[in-house]
Amino acid sequence: MGCKPSKNALQRTGPPPPPSSSSAQAFYPGHAQALQEQQLANANPAGQLQVPPRPQQMSNTVTPEQPQHPGAAVAGQGTANAWPFITRRGHVLYEGDVPFRFISFNVPSLLLLEDRPDTDGWIPPDPYEQHDALLSIAHLGGRVTRSYTLGVGENYHITGPRTYNERAFVAMDHALAIARNVRVRLIIPLINNHWGGDDGGKTDPSVCSFGNYAQLARMRGKKPSQFWSDPEIVEDFKHIISTVLNRVNTVNGIRYGDDPTILAWQLGNELGGWKGSDPPSQWTLAMTAHIRSLAPNTLVADGSIGGLKSKDKLSKETLSSPVGPDIFVNHYYHGGEDVKRLSKDAAHIAGKHGKVFIVGEFGFAGTGVYGQMYESMLRNNLVSGSLMWSLRYHSMFGGFYVHSEEGGKYWSYHNPGFPTGNHGFCFEEIDVVPQMRHYALAIQGLDPGSVPHPVPHPPPQLLPDIAPNWIRFRGSASAASYHVWRGTTQPGGGAIQWEPQPVGINITDNKCSGSTLWQDKSAVAGVPYHYAVQAVGVSGATSAWSEAVGPVWAGNCS
């Protein structure tokens with residue numbers, strides 16, 4: 001979902017100010033390495049841009065066959081050691097013996113991507129894109145993210161009754177392996193709600209077709225309402241659970257049911273909707289037991305939501321059952337009304353029934369409401385975590401993916417937040433993303449002002465088909481802007497002679513996937529140029545250079 005601009009955000013013209021002096025403690029995954037890079041960057045004389053080593057020495061190639069992300073060697077060991085499962089004691093989550101709370105974003109397109117231009121339907125994202133999403137969550141202090149559900153239908157995860165799409169599951173393998181490496185926990189809902197009833201949506205036109213349980217019922221020639229009780233369909237859903245949890249990850253060799261990367265398997269997304277009846281408690285308890293039989297160390301989250309009045313809507317039998325789900329959620333899209341509702345829901349779910357309570361989604365407001373929500377969460381230990389809707393990531397074709405809700409009224413967010421309202425990027429993003437980071441760190445007991453912003457990583461990667469008038473590159477997680485460096489070679493060849501200062505500075509990549517990100521207007525026709533790109537973080541720390549691309553010519557510059 002996304003944001004609408006505020007008057008205050010429209011007046012902002014630059015990035016947020018840099019944080020105060022930082023500590024050397026490792027506050028987020030990869031921070032120790034990033035801090036070393038930042039210290040090197042800060043050693044430069046003020047106002048001087050030193051020429052880094054030749055960019056040919058750097059490589060940032062990521063392919064679906066061999067994703068290159070931090071800790072890949074560790075992921076290949078095929079064990080789940082050295083990272084504890086998240087556990088529950090009453091209404092509190094624990095990592096080891098330490099209470100575990102989080103504030104973060106949903107990443108709906110982590111498993112399948114719906115926003116790539118010129119594609120029909122949802123497709124598997126590239127591992128580079130998944131790494132960018134998950135490293136962004138880690139850089140923002142999020143620690144947890146939630147995907148969208150498994151997809152149902154041709155080319156999705158579930159292609160028919162008890163038949164599956166290996167290509168889609170390989171993309172899921174990459175997501176789990178990368179998340180483990182950057183130390184981000186995942187909540188994965190299994191199936192989506194069906195809002196249309198048995199009449200195909202005539203009584204409720206807000207039908208979401210992606211991954212909804214009606215598709216599973218129709219594969220057997222049955223009505224959506226039969227999903228909960230028909231023996232054949234119930235066994236079909238158990239088969240899905242068994243297939244997922246018994247899958248051995250093709251990237252790191254860890255069986256899904258043994259992977260502590262998964263904070264919780266969620267039975268579904270908004271099952272029963274905002275006003276409809278929740279799944280029968282018999283179904284919920286049976287599916288919870290089935291998951292626990294295959295993943296005994298992993299938590300289970302209920303698939304319904306409390307709607308506007310959790311006390312009346314959530315199943316009392318499911319909530320009070322000692323063998324019911326560990327986690328219950330609600331979603332919040334009603335502005336200022338949500339602040340009071342949040343406290344009541346926490347008191348009912350966590351306070352009265354002793355179950356973990358999480359804000360599964362919230363949004364469609366502004367920083368004022370978000371600030372009130374965050375402050376309420378921070379002060380209320382009955383709230384274990386929250387996930388804003390939603391974060392989109394860099395595209396492998398350059399730029400970012402963007403996503404709108406409600407006819408373009410709301411747009412997705414992007415790390416680290418950009419100050420301009422290009423198509424797909426709302427003005428308030430520059431406030432919303434840093435605000436989320438602030439509270440993500442605060443809920444962990446950290447001082448947000450003392451935690452340094454990360455050095456952008458990995459280094460950017462120029463695309464091979466560039467020319468001076470269309471520079472495109474794969475961006476770096478947490479890059480606020482970029483420098484473009486230019487060099488030339490003599491006609492006989494030899495080393496690239498790099499210009500002493502970048503030819504382009506303050507270049508941002510907050511543009512839609514595949515867009516031209518910069519044009520070299522000073523390029524001279526007929527001259528063979530080489531280019532390299534360097535990412536700049538929020539605090540000014542710079543990444544290593546990209547590999548150089550060239551020679552390319554400006555003969556067709558307009």
# chains A, B, ... in the order shown; residues from 1 in each chain; ligands from 1
>>> closest_atom_pairs(of="segment 473-548 of chain A", to="segment 433-452 of chain A", cutoff="12 Å", atoms="only C-alpha atoms", output="CSV")
residue,atom,partner,partner_atom,distance
A:Ser478,CA,A:Val433,CA,10.9
A:Ala480,CA,A:Pro434,CA,12.0
A:Gly537,CA,A:Pro452,CA,10.5
A:Val538,CA,A:Pro452,CA,9.5
A:Ser539,CA,A:Pro452,CA,8.0
A:Gly540,CA,A:Pro452,CA,11.0
A:Ala541,CA,A:Pro452,CA,10.2
>>> closest_atom_pairs(of="segment 385-457 of chain A", to="segment 323-336 of chain A", cutoff="12 Å", atoms="only C-alpha atoms", output="JSON lines")
{"residue": "A:Gly385", "atom": "CA", "partner": "A:Val329", "partner_atom": "CA", "distance": 9.7}
{"residue": "A:Ser386", "atom": "CA", "partner": "A:Val329", "partner_atom": "CA", "distance": 9.3}
{"residue": "A:Leu387", "atom": "CA", "partner": "A:His331", "partner_atom": "CA", "distance": 9.3}
{"residue": "A:Met388", "atom": "CA", "partner": "A:Tyr332", "partner_atom": "CA", "distance": 9.4}
{"residue": "A:Trp389", "atom": "CA", "partner": "A:Tyr333", "partner_atom": "CA", "distance": 9.7}
{"residue": "A:Tyr410", "atom": "CA", "partner": "A:Tyr333", "partner_atom": "CA", "distance": 11.7}
>>> write_last_selection(atoms="all heavy atoms", output="compact mmCIF listing (two decimals), in the first residue's frame")
# COMPACT_ATOMS: atom_id res chain seq x y z
N GLY A 385 5.29 -6.72 17.90
CA GLY A 385 5.89 -6.22 16.67
C GLY A 385 4.87 -5.61 15.74
O GLY A 385 3.66 -5.72 15.96
N SER A 386 5.37 -4.96 14.70
CA SER A 386 4.49 -4.38 13.70
C SER A 386 5.18 -4.37 12.35
O SER A 386 6.41 -4.31 12.25
CB SER A 386 4.07 -2.95 14.08
OG SER A 386 5.13 -2.04 13.84
N LEU A 387 4.37 -4.39 11.29
CA LEU A 387 4.86 -4.43 9.92
C LEU A 387 4.05 -3.47 9.07
O LEU A 387 2.86 -3.68 8.82
CB LEU A 387 4.74 -5.86 9.36
CG LEU A 387 5.60 -6.90 10.09
CD1 LEU A 387 5.02 -8.30 9.93
CD2 LEU A 387 7.04 -6.85 9.57
N MET A 388 4.70 -2.38 8.64
CA MET A 388 4.03 -1.40 7.78
C MET A 388 3.85 -1.96 6.38
O MET A 388 4.64 -2.76 5.90
CB MET A 388 4.83 -0.09 7.74
CG MET A 388 4.23 0.97 6.84
SD MET A 388 5.10 2.55 6.92
CE MET A 388 4.35 3.21 8.40
N TRP A 389 2.82 -1.51 5.71
CA TRP A 389 2.57 -1.86 4.31
C TRP A 389 2.98 -0.68 3.45
O TRP A 389 2.41 0.39 3.58
CB TRP A 389 1.09 -2.17 4.11
CG TRP A 389 0.79 -2.78 2.78
CD1 TRP A 389 0.54 -2.11 1.61
CD2 TRP A 389 0.72 -4.17 2.48
NE1 TRP A 389 0.31 -3.00 0.60
CE2 TRP A 389 0.42 -4.28 1.10
CE3 TRP A 389 0.90 -5.34 3.21
CZ2 TRP A 389 0.28 -5.51 0.47
CZ3 TRP A 389 0.75 -6.55 2.58
CH2 TRP A 389 0.44 -6.62 1.23
N TYR A 410 -2.29 5.76 -2.93
CA TYR A 410 -1.20 5.39 -2.04
C TYR A 410 -0.14 4.64 -2.82
O TYR A 410 -0.45 3.87 -3.74
CB TYR A 410 -1.71 4.51 -0.90
CG TYR A 410 -2.82 5.14 -0.09
CD1 TYR A 410 -4.14 4.81 -0.31
CD2 TYR A 410 -2.52 6.07 0.90
CE1 TYR A 410 -5.16 5.39 0.42
CE2 TYR A 410 -3.53 6.66 1.64
CZ TYR A 410 -4.85 6.32 1.39
OH TYR A 410 -5.85 6.91 2.12
>>> select_by_dssp(residues="segment 139-348 of chain A", states="helix (DSSP H, G or I)", output="ChimeraX atom specification")
/A:139,166-182,197-199,213-218,224-228,231-245,256-258,281-294,310-313,316-320,337-348
>>> write_last_selection(atoms="C-alpha atoms", output="PDB file, in the first residue's frame")
ATOM      1  CA  HIS A 139      19.812  -1.934   7.309  1.00  0.00           C
ATOM      2  CA  GLU A 166       9.534 -25.911  -8.904  1.00  0.00           C
ATOM      3  CA  ARG A 167      10.635 -22.578 -10.411  1.00  0.00           C
ATOM      4  CA  ALA A 168       8.495 -20.636  -7.954  1.00  0.00           C
ATOM      5  CA  PHE A 169       9.796 -22.676  -5.036  1.00  0.00           C
ATOM      6  CA  VAL A 170      13.417 -22.153  -6.088  1.00  0.00           C
ATOM      7  CA  ALA A 171      12.765 -18.405  -5.792  1.00  0.00           C
ATOM      8  CA  MET A 172      11.428 -19.104  -2.309  1.00  0.00           C
ATOM      9  CA  ASP A 173      14.623 -21.055  -1.572  1.00  0.00           C
ATOM     10  CA  HIS A 174      16.661 -17.974  -2.433  1.00  0.00           C
ATOM     11  CA  ALA A 175      14.491 -15.760  -0.231  1.00  0.00           C
ATOM     12  CA  LEU A 176      14.955 -18.013   2.806  1.00  0.00           C
ATOM     13  CA  ALA A 177      18.702 -18.439   2.225  1.00  0.00           C
ATOM     14  CA  ILE A 178      19.305 -14.715   1.786  1.00  0.00           C
ATOM     15  CA  ALA A 179      17.146 -13.850   4.799  1.00  0.00           C
ATOM     16  CA  ARG A 180      19.173 -16.240   6.925  1.00  0.00           C
ATOM     17  CA  ASN A 181      22.431 -14.715   5.746  1.00  0.00           C
ATOM     18  CA  VAL A 182      21.428 -11.119   6.500  1.00  0.00           C
ATOM     19  CA  GLY A 197     -18.543 -15.868  -1.458  1.00  0.00           C
ATOM     20  CA  ASP A 198     -19.881 -18.802  -3.479  1.00  0.00           C
ATOM     21  CA  ASP A 199     -21.443 -16.553  -6.137  1.00  0.00           C
ATOM     22  CA  TYR A 213      -8.527 -20.453  -1.151  1.00  0.00           C
ATOM     23  CA  ALA A 214     -11.434 -20.372  -3.634  1.00  0.00           C
ATOM     24  CA  GLN A 215      -8.970 -21.346  -6.353  1.00  0.00           C
ATOM     25  CA  LEU A 216      -8.008 -24.463  -4.432  1.00  0.00           C
ATOM     26  CA  ALA A 217     -11.677 -25.404  -4.025  1.00  0.00           C
ATOM     27  CA  ARG A 218     -12.446 -24.816  -7.695  1.00  0.00           C
ATOM     28  CA  PRO A 224     -15.248 -21.783  -1.865  1.00  0.00           C
ATOM     29  CA  SER A 225     -17.279 -22.349   1.295  1.00  0.00           C
ATOM     30  CA  GLN A 226     -16.357 -26.042   1.170  1.00  0.00           C
ATOM     31  CA  PHE A 227     -12.676 -25.231   1.657  1.00  0.00           C
ATOM     32  CA  TRP A 228     -12.912 -25.430   5.444  1.00  0.00           C
ATOM     33  CA  PRO A 231     -12.338 -33.844   3.464  1.00  0.00           C
ATOM     34  CA  GLU A 232     -10.634 -33.869   0.072  1.00  0.00           C
ATOM     35  CA  ILE A 233      -9.837 -30.144   0.131  1.00  0.00           C
ATOM     36  CA  VAL A 234      -8.703 -30.293   3.762  1.00  0.00           C
ATOM     37  CA  GLU A 235      -6.265 -33.041   2.812  1.00  0.00           C
ATOM     38  CA  ASP A 236      -5.143 -30.969  -0.194  1.00  0.00           C
ATOM     39  CA  PHE A 237      -4.242 -28.093   2.122  1.00  0.00           C
ATOM     40  CA  LYS A 238      -2.418 -30.450   4.477  1.00  0.00           C
ATOM     41  CA  HIS A 239      -0.511 -31.713   1.453  1.00  0.00           C
ATOM     42  CA  ILE A 240       0.552 -28.138   0.670  1.00  0.00           C
ATOM     43  CA  ILE A 241       1.774 -27.685   4.239  1.00  0.00           C
ATOM     44  CA  SER A 242       3.644 -30.995   4.157  1.00  0.00           C
ATOM     45  CA  THR A 243       5.229 -30.196   0.793  1.00  0.00           C
ATOM     46  CA  VAL A 244       6.415 -26.788   1.977  1.00  0.00           C
ATOM     47  CA  LEU A 245       7.738 -27.820   5.373  1.00  0.00           C
ATOM     48  CA  TYR A 256      12.054 -25.560   5.632  1.00  0.00           C
ATOM     49  CA  GLY A 257      10.571 -27.102   8.769  1.00  0.00           C
ATOM     50  CA  ASP A 258      13.974 -26.933  10.478  1.00  0.00           C
ATOM     51  CA  SER A 281     -11.842 -23.159  14.982  1.00  0.00           C
ATOM     52  CA  GLN A 282     -11.746 -26.877  14.157  1.00  0.00           C
ATOM     53  CA  TRP A 283      -9.914 -26.096  10.889  1.00  0.00           C
ATOM     54  CA  THR A 284      -7.517 -23.635  12.556  1.00  0.00           C
ATOM     55  CA  LEU A 285      -6.606 -26.045  15.333  1.00  0.00           C
ATOM     56  CA  ALA A 286      -6.151 -28.949  12.903  1.00  0.00           C
ATOM     57  CA  MET A 287      -3.850 -26.970  10.597  1.00  0.00           C
ATOM     58  CA  THR A 288      -1.891 -25.593  13.544  1.00  0.00           C
ATOM     59  CA  ALA A 289      -1.334 -29.142  14.793  1.00  0.00           C
ATOM     60  CA  HIS A 290      -0.248 -30.281  11.322  1.00  0.00           C
ATOM     61  CA  ILE A 291       2.335 -27.505  11.053  1.00  0.00           C
ATOM     62  CA  ARG A 292       3.676 -28.303  14.519  1.00  0.00           C
ATOM     63  CA  SER A 293       4.014 -31.980  13.624  1.00  0.00           C
ATOM     64  CA  LEU A 294       6.404 -31.009  10.808  1.00  0.00           C
ATOM     65  CA  SER A 310     -11.152  -8.118  17.677  1.00  0.00           C
ATOM     66  CA  LYS A 311     -12.997  -8.942  20.877  1.00  0.00           C
ATOM     67  CA  ASP A 312     -16.120  -9.919  18.929  1.00  0.00           C
ATOM     68  CA  LYS A 313     -14.594 -11.212  15.695  1.00  0.00           C
ATOM     69  CA  LYS A 316     -12.775 -17.329  21.387  1.00  0.00           C
ATOM     70  CA  GLU A 317     -12.163 -21.077  21.153  1.00  0.00           C
ATOM     71  CA  THR A 318      -9.050 -20.579  19.026  1.00  0.00           C
ATOM     72  CA  LEU A 319      -7.720 -17.768  21.206  1.00  0.00           C
ATOM     73  CA  SER A 320      -8.192 -19.631  24.462  1.00  0.00           C
ATOM     74  CA  GLU A 337      -9.008   5.433  14.987  1.00  0.00           C
ATOM     75  CA  ASP A 338      -6.299   2.782  14.865  1.00  0.00           C
ATOM     76  CA  VAL A 339      -4.389   4.125  17.860  1.00  0.00           C
ATOM     77  CA  LYS A 340      -7.140   3.298  20.357  1.00  0.00           C
ATOM     78  CA  ARG A 341      -8.026   0.064  18.594  1.00  0.00           C
ATOM     79  CA  LEU A 342      -4.394  -1.061  18.814  1.00  0.00           C
ATOM     80  CA  SER A 343      -4.378  -0.831  22.614  1.00  0.00           C
ATOM     81  CA  LYS A 344      -7.699  -2.656  22.935  1.00  0.00           C
ATOM     82  CA  ASP A 345      -6.574  -5.454  20.626  1.00  0.00           C
ATOM     83  CA  ALA A 346      -3.314  -5.899  22.537  1.00  0.00           C
ATOM     84  CA  ALA A 347      -5.170  -6.059  25.849  1.00  0.00           C
ATOM     85  CA  HIS A 348      -7.612  -8.652  24.501  1.00  0.00           C
TER      86      HIS A 348
END
>>> select_by_dssp(residues="segment 331-492 of chain A", states="strand (DSSP E)", output="MDAnalysis selection string")
chainID A and resid 331:332 356:362 385:388 404:405 410:411 461:462 473:474 479:490
>>> write_last_selection(atoms="N, CA and C atoms", output="mmCIF file, in the first residue's frame")
data_model
loop_
_atom_site.group_PDB
_atom_site.id
_atom_site.type_symbol
_atom_site.label_atom_id
_atom_site.label_comp_id
_atom_site.auth_asym_id
_atom_site.auth_seq_id
_atom_site.Cartn_x
_atom_site.Cartn_y
_atom_site.Cartn_z
ATOM 1 N N HIS A 331 -4.929 -5.862 11.355
ATOM 2 C CA HIS A 331 -4.457 -4.910 10.357
ATOM 3 C C HIS A 331 -5.140 -3.573 10.590
ATOM 4 N N TYR A 332 -4.437 -2.480 10.257
ATOM 5 C CA TYR A 332 -4.898 -1.147 10.640
ATOM 6 C C TYR A 332 -4.762 -0.186 9.464
ATOM 7 N N VAL A 356 0.707 -14.075 21.650
ATOM 8 C CA VAL A 356 1.515 -13.006 21.069
ATOM 9 C C VAL A 356 0.646 -12.171 20.134
ATOM 10 N N PHE A 357 0.771 -10.862 20.251
ATOM 11 C CA PHE A 357 0.013 -9.953 19.392
ATOM 12 C C PHE A 357 0.963 -9.151 18.511
ATOM 13 N N ILE A 358 0.682 -9.151 17.204
ATOM 14 C CA ILE A 358 1.489 -8.438 16.222
ATOM 15 C C ILE A 358 0.583 -7.605 15.326
ATOM 16 N N VAL A 359 1.022 -6.404 14.990
ATOM 17 C CA VAL A 359 0.361 -5.582 13.976
ATOM 18 C C VAL A 359 0.844 -6.110 12.624
ATOM 19 N N GLY A 360 0.018 -6.906 11.965
ATOM 20 C CA GLY A 360 0.435 -7.564 10.737
ATOM 21 C C GLY A 360 0.581 -6.626 9.559
ATOM 22 N N GLU A 361 -0.258 -5.601 9.496
ATOM 23 C CA GLU A 361 -0.179 -4.575 8.456
ATOM 24 C C GLU A 361 -0.742 -3.285 9.024
ATOM 25 N N PHE A 362 -0.204 -2.152 8.581
ATOM 26 C CA PHE A 362 -0.849 -0.870 8.819
ATOM 27 C C PHE A 362 -0.336 0.145 7.817
ATOM 28 N N GLY A 385 5.288 -6.718 17.900
ATOM 29 C CA GLY A 385 5.891 -6.219 16.671
ATOM 30 C C GLY A 385 4.870 -5.609 15.741
ATOM 31 N N SER A 386 5.373 -4.963 14.699
ATOM 32 C CA SER A 386 4.488 -4.378 13.699
ATOM 33 C C SER A 386 5.180 -4.366 12.348
ATOM 34 N N LEU A 387 4.370 -4.394 11.287
ATOM 35 C CA LEU A 387 4.859 -4.435 9.920
ATOM 36 C C LEU A 387 4.052 -3.467 9.067
ATOM 37 N N MET A 388 4.701 -2.380 8.636
ATOM 38 C CA MET A 388 4.027 -1.400 7.783
ATOM 39 C C MET A 388 3.855 -1.956 6.378
ATOM 40 N N SER A 404 1.053 0.780 -6.525
ATOM 41 C CA SER A 404 0.016 1.700 -6.038
ATOM 42 C C SER A 404 -1.172 0.919 -5.499
ATOM 43 N N GLU A 405 -1.903 1.569 -4.630
ATOM 44 C CA GLU A 405 -3.140 1.028 -4.080
ATOM 45 C C GLU A 405 -4.233 2.070 -4.245
ATOM 46 N N TYR A 410 -2.290 5.762 -2.932
ATOM 47 C CA TYR A 410 -1.201 5.392 -2.036
ATOM 48 C C TYR A 410 -0.137 4.639 -2.824
ATOM 49 N N TRP A 411 1.122 4.855 -2.437
ATOM 50 C CA TRP A 411 2.232 4.210 -3.132
ATOM 51 C C TRP A 411 3.140 3.510 -2.134
ATOM 52 N N GLN A 461 25.977 -1.856 -9.881
ATOM 53 C CA GLN A 461 26.418 -2.612 -11.051
ATOM 54 C C GLN A 461 25.849 -1.969 -12.317
ATOM 55 N N LEU A 462 26.719 -1.375 -13.117
ATOM 56 C CA LEU A 462 26.284 -0.814 -14.385
ATOM 57 C C LEU A 462 25.757 -1.922 -15.291
ATOM 58 N N PHE A 473 21.877 1.352 -13.988
ATOM 59 C CA PHE A 473 22.652 0.475 -13.114
ATOM 60 C C PHE A 473 21.754 -0.146 -12.056
ATOM 61 N N ARG A 474 22.201 -1.291 -11.559
ATOM 62 C CA ARG A 474 21.558 -1.891 -10.398
ATOM 63 C C ARG A 474 22.033 -1.149 -9.155
ATOM 64 N N ALA A 479 21.383 3.229 -0.558
ATOM 65 C CA ALA A 479 22.034 4.343 -1.253
ATOM 66 C C ALA A 479 21.071 5.516 -1.380
ATOM 67 N N ALA A 480 21.514 6.685 -0.908
ATOM 68 C CA ALA A 480 20.710 7.901 -1.050
ATOM 69 C C ALA A 480 20.967 8.572 -2.391
ATOM 70 N N SER A 481 22.176 8.372 -2.947
ATOM 71 C CA SER A 481 22.528 8.955 -4.247
ATOM 72 C C SER A 481 23.749 8.211 -4.783
ATOM 73 N N TYR A 482 24.221 8.668 -5.939
ATOM 74 C CA TYR A 482 25.347 7.998 -6.594
ATOM 75 C C TYR A 482 26.265 9.023 -7.242
ATOM 76 N N HIS A 483 27.556 8.653 -7.334
ATOM 77 C CA HIS A 483 28.520 9.355 -8.179
ATOM 78 C C HIS A 483 28.742 8.526 -9.436
ATOM 79 N N VAL A 484 28.870 9.190 -10.572
ATOM 80 C CA VAL A 484 29.268 8.522 -11.811
ATOM 81 C C VAL A 484 30.661 9.016 -12.186
ATOM 82 N N TRP A 485 31.563 8.066 -12.376
ATOM 83 C CA TRP A 485 32.937 8.361 -12.767
ATOM 84 C C TRP A 485 33.120 8.045 -14.260
ATOM 85 N N ARG A 486 33.982 8.837 -14.897
ATOM 86 C CA ARG A 486 34.199 8.669 -16.342
ATOM 87 C C ARG A 486 35.690 8.612 -16.648
ATOM 88 N N GLY A 487 36.059 7.752 -17.582
ATOM 89 C CA GLY A 487 37.448 7.647 -17.996
ATOM 90 C C GLY A 487 37.545 7.371 -19.487
ATOM 91 N N THR A 488 38.732 7.481 -20.021
ATOM 92 C CA THR A 488 38.975 7.241 -21.442
ATOM 93 C C THR A 488 40.247 6.397 -21.589
ATOM 94 N N THR A 489 40.400 5.836 -22.775
ATOM 95 C CA THR A 489 41.634 5.116 -23.115
ATOM 96 C C THR A 489 42.188 5.679 -24.415
ATOM 97 N N GLN A 490 43.463 5.495 -24.616
ATOM 98 C CA GLN A 490 44.089 5.923 -25.858
ATOM 99 C C GLN A 490 43.683 4.972 -26.986
#
>>> closest_residue(among="A:Lys511, A:Arg88, A:Lys409, A:Arg162", to="Arg220 of chain A", atoms="only C-alpha atoms")
A:Arg162
>>> closest_residue(among="A:Pro117, A:Pro296, A:Gly211, A:Gly475", to="Glu154 of chain A", atoms="only C-alpha atoms")
A:Gly211
>>> residues_around(residues="Ile430 of chain A", least_positions_apart="2", cutoff="6 Å", atoms="only C-alpha atoms", output="list in words")
Gly417, Phe418, Pro419, Glu428 and Val432 of chain A
>>> write_last_selection(atoms="N, CA, C and O atoms", output="JSON list (two decimals), in the first residue's frame")
[["chain", "number", "residue", "atom", "x", "y", "z"],
["A", 417, "GLY", "N", 14.37, 6.08, 1.43],
["A", 417, "GLY", "CA", 13.40, 7.18, 1.36],
["A", 417, "GLY", "C", 13.96, 8.30, 0.53],
["A", 417, "GLY", "O", 15.11, 8.72, 0.72],
["A", 418, "PHE", "N", 13.16, 8.80, -0.42],
["A", 418, "PHE", "CA", 13.63, 9.82, -1.34],
["A", 418, "PHE", "C", 12.77, 11.08, -1.24],
["A", 418, "PHE", "O", 11.58, 10.99, -0.97],
["A", 419, "PRO", "N", 13.38, 12.26, -1.48],
["A", 419, "PRO", "CA", 12.68, 13.52, -1.22],
["A", 419, "PRO", "C", 11.81, 14.01, -2.36],
["A", 419, "PRO", "O", 11.13, 14.99, -2.21],
["A", 428, "GLU", "N", 6.12, 11.96, 0.90],
["A", 428, "GLU", "CA", 6.27, 11.70, 2.32],
["A", 428, "GLU", "C", 7.22, 10.54, 2.62],
["A", 428, "GLU", "O", 7.60, 10.31, 3.77],
["A", 432, "VAL", "N", 8.71, 8.96, 6.12],
["A", 432, "VAL", "CA", 8.16, 7.70, 6.62],
["A", 432, "VAL", "C", 9.25, 6.66, 6.86],
["A", 432, "VAL", "O", 9.27, 5.98, 7.89]]
>>> closest_residue(among="A:Gln130, A:Ser229, A:Thr420, A:Asn106", to="Thr508 of chain A", atoms="only C-alpha atoms")
A:Thr420
>>> residues_around(residues="Asn469 of chain A", least_positions_apart="3", cutoff="12 Å", atoms="only C-alpha atoms", output="list of chain:residue names")
A:Asp465, A:Ile466, A:Arg472, A:Ser515, A:Thr516, A:Leu517, A:Trp518, A:Gln519, A:Asp520, A:Lys521, A:Ser522, A:Ala523, A:Val524, A:Ala525, A:Tyr529, A:Tyr531, A:Val552, A:Trp553, A:Ala554, A:Gly555, A:Asn556, A:Cys557, A:Ser558
>>> write_last_selection(atoms="C-alpha atoms", output="compact mmCIF listing (two decimals), in the first residue's frame")
# COMPACT_ATOMS: atom_id res chain seq x y z
CA ASP A 465 23.91 -1.92 -22.66
CA ILE A 466 24.58 1.64 -21.49
CA ARG A 472 21.43 2.53 -16.03
CA SER A 515 14.33 3.86 -16.58
CA THR A 516 17.36 5.84 -17.72
CA LEU A 517 18.89 7.05 -14.46
CA TRP A 518 21.33 9.66 -15.77
CA GLN A 519 22.61 11.21 -19.00
CA ASP A 520 26.15 12.45 -19.61
CA LYS A 521 25.42 15.74 -21.33
CA SER A 522 29.10 16.67 -21.50
CA ALA A 523 30.15 13.61 -23.49
CA VAL A 524 31.83 14.41 -26.80
CA ALA A 525 30.76 12.52 -29.90
CA TYR A 529 34.26 6.48 -22.67
CA TYR A 531 31.97 4.58 -16.77
CA VAL A 552 30.90 3.33 -25.25
CA TRP A 553 30.47 6.30 -27.55
CA ALA A 554 28.39 9.45 -27.52
CA GLY A 555 27.88 9.63 -31.24
CA ASN A 556 24.12 9.36 -30.96
CA CYS A 557 23.65 11.75 -28.05
CA SER A 558 20.79 14.16 -28.59
>>> atom_distance(atom1="atom CA of Ile187 of chain A", atom2="atom CA of Thr159 of chain A")
22.6 Å
>>> atom_distance(atom1="atom CA of Arg392 of chain A", atom2="atom CA of Ile137 of chain A")
10.6 Å
>>> atom_distance(atom1="atom CA of Ser209 of chain A", atom2="atom CA of Tyr413 of chain A")
23.8 Å
